[in-house]
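Please read the structure below before turning to the comments.
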Amino acid sequence: MDTEILRIDRDHISDSDIKRAAGVIRSGGLVAFPTETVYGLGGDALNPDSSKKIYAAKGRPSDNPLIVHIYDLGQVEKIAMLDEGSYRIDRVPDKVKALAKKFWPGPLTIILNKKENVPYETTGGLDTVAIRMPSDPIAAAFIREAGYIAAPSANISGRPSPTKVTHVIEDMTGRIDMIIDGGDVDIGLESTILDLTDKAPVILRPGAITDRDISEVIGKTGYDPGLKGGENAAPKAPGMKYRHYAPKGELVIVRGDGERVRDYINARIQEDKHELIKTGVICPDEHVLNYRASVVKCTGKLGDEEAVAHRLYSILREFDSEEVQMIYSEAFDDEGIGSAVMNRLLKAAGHRVVDANDKEE
Ligand code: TXA
Ligand code: MG
């Protein structure tokens, strides 16, 4: 299949280009497009064949549901049941409205019970549907023209989500009809997923919008206990149980006091070098000269977790293409968007964490 690459300027969005891209969706094709979080791989959410094509293009298990992207709040009631099932009729619509007022358009996905018109091919067989209204102007114009767009991240299953169009081109060329090149994304990590189908609201995937942000609007909201990676609870979002974002090399996170972390990582690097293992380090700009690894990747200024979010997936892809075999990452602050950064980093590392303070000198 030929994949057309369509460059769209975020500041001067061409109507005719958007119409052409939306036409591909309406005729059952697939189009990758930028959002403020990561690039999405879009198809018509209400067309079961389009969703099947999405799974095939990504190589993704078909029990892992897709997010439906909308551009207008009025679309929610067309695809979600707001006043039936387990909902308290008078309350839940208000909750959704309050959340939408504060966070939409933006990096928040809300899970509600689905209406019949949303095919099971889109929801991975579930009776619930994940809904998000992206703020990226290209995404918004594209969805407005196309209707309801089902879109997972536009990576091949198991690779880091794409934050640059080159990542999408790498993964999707020959697999989909069109890629909209809208430049680099803004945030760099996927949206926060909030489940409103149970009595208490639960975050199934951390993102730029935190538990605290959501609690301020709808009251106490916690994280799915299954996110911790323990044996007892499985994560509630089917996608969170897969080992995503795994770099080709081995990745270990090292926490502890600054000097201890530096000394521990350098000692490991020394050992690896003896065995001719190519090493890499992920650290803030200020620490770049601390490490003697073959490759050192900087995440931005110390304490700037938004910068880490912006760069993380790109860095993981770079390590892959440079064939780094052993990667050490400093741990980042778990506050704010840092909790989403650490969630993705821990998954990429298969939860391998070393505390340098516990190690002998
Ligand atoms: O930022 C984002 O959310 C990006 C952009 C493109 O919008 N999309 C994205 O989609 O990250 P994807 O498919 O890579 O991740 C969707 C996650 C998966 O973990 C999936 O299991 C979960 O959302 N999910 C979708 N629908 C669900 C549902 N009805 N119940 C529980 N989890 C759901
Ligand atoms: Mg994904």
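Scheme for the structure tokens: letters A, B, ... for chains in order shown; per-chain residue numbers from 1; ligand numbers from 1 in order shown.
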Select from range 103-339 of chain A everything DSSP, run on the backbone, classes as helix (DSSP H, G or I), then give the selection as a ChimeraX atom specification. /A:103,120-123,137-146,165-172,211-218,225-228,238-241,258-274,285-290,305-321,338-339
How would you report the residues lying within 6 Å of ligand 1, as a ChimeraX atom specification, if you count only C-alpha atoms and all ligand atoms? /A:37-40,64-67,111,123,128-130,151-153,190-191,237-240
Selection file, N, CA, C and O atoms, as an mmCIF file, in the first residue's frame:
data_model
loop_
_atom_site.group_PDB
_atom_site.id
_atom_site.type_symbol
_atom_site.label_atom_id
_atom_site.label_comp_id
_atom_site.auth_asym_id
_atom_site.auth_seq_id
_atom_site.Cartn_x
_atom_site.Cartn_y
_atom_site.Cartn_z
ATOM 1 N N THR A 37 -0.967 14.906 22.610
ATOM 2 C CA THR A 37 -0.274 13.919 23.452
ATOM 3 C C THR A 37 0.757 13.136 22.640
ATOM 4 O O THR A 37 1.957 13.252 22.862
ATOM 5 N N VAL A 38 0.274 12.323 21.693
ATOM 6 C CA VAL A 38 1.129 11.538 20.787
ATOM 7 C C VAL A 38 0.392 11.472 19.451
ATOM 8 O O VAL A 38 -0.770 11.869 19.361
ATOM 9 N N TYR A 39 1.053 10.991 18.403
ATOM 10 C CA TYR A 39 0.364 10.791 17.132
ATOM 11 C C TYR A 39 -0.648 9.642 17.258
ATOM 12 O O TYR A 39 -0.366 8.630 17.908
ATOM 13 N N GLY A 40 -1.826 9.805 16.630
ATOM 14 C CA GLY A 40 -2.847 8.768 16.639
ATOM 15 C C GLY A 40 -2.961 8.104 15.274
ATOM 16 O O GLY A 40 -2.593 8.689 14.253
ATOM 17 N N ASN A 64 -7.805 -5.206 22.895
ATOM 18 C CA ASN A 64 -7.322 -3.972 23.502
ATOM 19 C C ASN A 64 -8.050 -2.784 22.862
ATOM 20 O O ASN A 64 -7.767 -2.405 21.742
ATOM 21 N N PRO A 65 -9.036 -2.208 23.612
ATOM 22 C CA PRO A 65 -9.961 -1.244 23.008
ATOM 23 C C PRO A 65 -9.321 0.057 22.537
ATOM 24 O O PRO A 65 -8.267 0.454 23.016
ATOM 25 N N LEU A 66 -10.000 0.722 21.597
ATOM 26 C CA LEU A 66 -9.526 1.980 21.009
ATOM 27 C C LEU A 66 -10.244 3.169 21.643
ATOM 28 O O LEU A 66 -11.377 3.031 22.110
ATOM 29 N N ILE A 67 -9.587 4.320 21.640
ATOM 30 C CA ILE A 67 -10.220 5.545 22.140
ATOM 31 C C ILE A 67 -10.967 6.217 20.983
ATOM 32 O O ILE A 67 -10.440 6.322 19.871
ATOM 33 N N ILE A 111 -14.067 7.154 30.281
ATOM 34 C CA ILE A 111 -14.742 5.904 29.919
ATOM 35 C C ILE A 111 -16.165 5.892 30.460
ATOM 36 O O ILE A 111 -16.397 6.137 31.646
ATOM 37 N N THR A 123 -14.405 -1.269 20.623
ATOM 38 C CA THR A 123 -14.237 -1.299 22.090
ATOM 39 C C THR A 123 -13.580 -2.593 22.575
ATOM 40 O O THR A 123 -13.591 -2.881 23.768
ATOM 41 N N THR A 128 -18.179 -0.723 27.276
ATOM 42 C CA THR A 128 -17.822 0.657 27.609
ATOM 43 C C THR A 128 -17.046 1.275 26.448
ATOM 44 O O THR A 128 -16.509 0.560 25.608
ATOM 45 N N VAL A 129 -17.032 2.615 26.421
ATOM 46 C CA VAL A 129 -16.298 3.300 25.355
ATOM 47 C C VAL A 129 -15.437 4.416 25.952
ATOM 48 O O VAL A 129 -15.870 5.142 26.849
ATOM 49 N N ALA A 130 -14.205 4.507 25.469
ATOM 50 C CA ALA A 130 -13.283 5.562 25.908
ATOM 51 C C ALA A 130 -13.422 6.741 24.951
ATOM 52 O O ALA A 130 -13.400 6.560 23.735
ATOM 53 N N ALA A 151 -8.773 5.997 17.508
ATOM 54 C CA ALA A 151 -7.331 6.125 17.291
ATOM 55 C C ALA A 151 -6.515 5.661 18.482
ATOM 56 O O ALA A 151 -6.567 6.266 19.555
ATOM 57 N N PRO A 152 -5.755 4.595 18.273
ATOM 58 C CA PRO A 152 -4.712 4.267 19.240
ATOM 59 C C PRO A 152 -3.479 5.101 18.886
ATOM 60 O O PRO A 152 -3.485 5.820 17.879
ATOM 61 N N SER A 153 -2.439 5.014 19.683
ATOM 62 C CA SER A 153 -1.177 5.655 19.320
ATOM 63 C C SER A 153 -0.668 5.015 18.025
ATOM 64 O O SER A 153 -0.859 3.818 17.800
ATOM 65 N N GLU A 190 0.810 9.759 26.508
ATOM 66 C CA GLU A 190 -0.606 9.574 26.209
ATOM 67 C C GLU A 190 -1.502 10.177 27.297
ATOM 68 O O GLU A 190 -1.070 10.374 28.430
ATOM 69 N N SER A 191 -2.774 10.375 26.926
ATOM 70 C CA SER A 191 -3.751 11.020 27.817
ATOM 71 C C SER A 191 -3.981 10.237 29.109
ATOM 72 O O SER A 191 -3.783 9.026 29.174
ATOM 73 N N ALA A 237 -7.416 -1.159 32.496
ATOM 74 C CA ALA A 237 -7.332 -0.844 31.063
ATOM 75 C C ALA A 237 -6.555 -1.976 30.391
ATOM 76 O O ALA A 237 -5.400 -2.206 30.735
ATOM 77 N N PRO A 238 -7.210 -2.696 29.471
ATOM 78 C CA PRO A 238 -6.535 -3.848 28.883
ATOM 79 C C PRO A 238 -5.125 -3.521 28.376
ATOM 80 O O PRO A 238 -4.213 -4.316 28.517
ATOM 81 N N GLY A 239 -4.954 -2.300 27.814
ATOM 82 C CA GLY A 239 -3.658 -1.939 27.243
ATOM 83 C C GLY A 239 -2.544 -1.839 28.270
ATOM 84 O O GLY A 239 -1.368 -1.952 27.937
ATOM 85 N N MET A 240 -2.891 -1.596 29.531
ATOM 86 C CA MET A 240 -1.860 -1.382 30.546
ATOM 87 C C MET A 240 -1.239 -2.696 31.010
ATOM 88 O O MET A 240 -0.254 -2.704 31.728
#
With distances taken over only C-alpha atoms and all ligand atoms, which residue among A:Lys220, A:Arg268, A:Arg175, A:Lys241 lies nearest ligand 2? A:Lys241
Show me, as a PyMOL selection string, the residues that have an atom within 10 Å of range 51-60 of chain A when counting only C-alpha atoms, minus same-chain residues fewer than 2 positions from it. chain A and resi 28-31+41-49+62-66+119-124+149-159+171-176+239
Serialized selection, C-alpha atoms, as an mmCIF file, in the first residue's frame:
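What landed in out.cif:
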data_model
loop_
_atom_site.group_PDB
_atom_site.id
_atom_site.type_symbol
_atom_site.label_atom_id
_atom_site.label_comp_id
_atom_site.auth_asym_id
_atom_site.auth_seq_id
_atom_site.Cartn_x
_atom_site.Cartn_y
_atom_site.Cartn_z
ATOM 1 C CA GLY A 28 -12.906 3.236 5.417
ATOM 2 C CA GLY A 29 -9.179 4.081 5.212
ATOM 3 C CA LEU A 30 -6.615 4.865 7.912
ATOM 4 C CA VAL A 31 -4.912 8.219 8.549
ATOM 5 C CA LEU A 41 -3.697 6.129 14.036
ATOM 6 C CA GLY A 42 -7.218 7.075 12.978
ATOM 7 C CA GLY A 43 -10.105 5.178 11.420
ATOM 8 C CA ASP A 44 -13.905 5.596 11.401
ATOM 9 C CA ALA A 45 -14.913 4.640 14.960
ATOM 10 C CA LEU A 46 -18.406 3.572 13.901
ATOM 11 C CA ASN A 47 -17.179 1.296 11.106
ATOM 12 C CA PRO A 48 -16.163 -2.160 12.371
ATOM 13 C CA ASP A 49 -14.000 -2.813 9.311
ATOM 14 C CA SER A 62 -7.948 -7.081 19.217
ATOM 15 C CA ASP A 63 -9.063 -7.288 22.869
ATOM 16 C CA ASN A 64 -7.322 -3.972 23.502
ATOM 17 C CA PRO A 65 -9.961 -1.244 23.008
ATOM 18 C CA LEU A 66 -9.526 1.980 21.009
ATOM 19 C CA PRO A 119 -19.130 -1.510 17.364
ATOM 20 C CA TYR A 120 -17.445 -4.091 19.592
ATOM 21 C CA GLU A 121 -14.571 -4.081 17.109
ATOM 22 C CA THR A 122 -13.814 -0.550 18.368
ATOM 23 C CA THR A 123 -14.237 -1.299 22.090
ATOM 24 C CA GLY A 124 -12.354 -4.597 22.063
ATOM 25 C CA ILE A 149 -12.316 8.810 14.916
ATOM 26 C CA ALA A 150 -11.045 5.692 16.690
ATOM 27 C CA ALA A 151 -7.331 6.125 17.291
ATOM 28 C CA PRO A 152 -4.712 4.267 19.240
ATOM 29 C CA SER A 153 -1.177 5.655 19.320
ATOM 30 C CA ALA A 154 0.321 5.384 15.807
ATOM 31 C CA ASN A 155 3.151 3.009 16.719
ATOM 32 C CA ILE A 156 3.599 -0.645 15.971
ATOM 33 C CA SER A 157 2.394 -2.531 19.042
ATOM 34 C CA GLY A 158 5.200 -2.809 21.604
ATOM 35 C CA ARG A 159 7.175 0.237 20.429
ATOM 36 C CA ASP A 171 6.381 2.406 11.905
ATOM 37 C CA MET A 172 3.455 2.924 9.520
ATOM 38 C CA THR A 173 4.781 3.387 5.982
ATOM 39 C CA GLY A 174 3.126 0.845 3.693
ATOM 40 C CA ARG A 175 0.550 -0.065 6.372
ATOM 41 C CA ILE A 176 -1.891 2.872 6.200
ATOM 42 C CA GLY A 239 -3.658 -1.939 27.243
#
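Closest to ligand 2 among A:Val252, A:Pro61, A:Glu322, A:Phe142 is A:Pro61, based on only C-alpha atoms and all ligand atoms.
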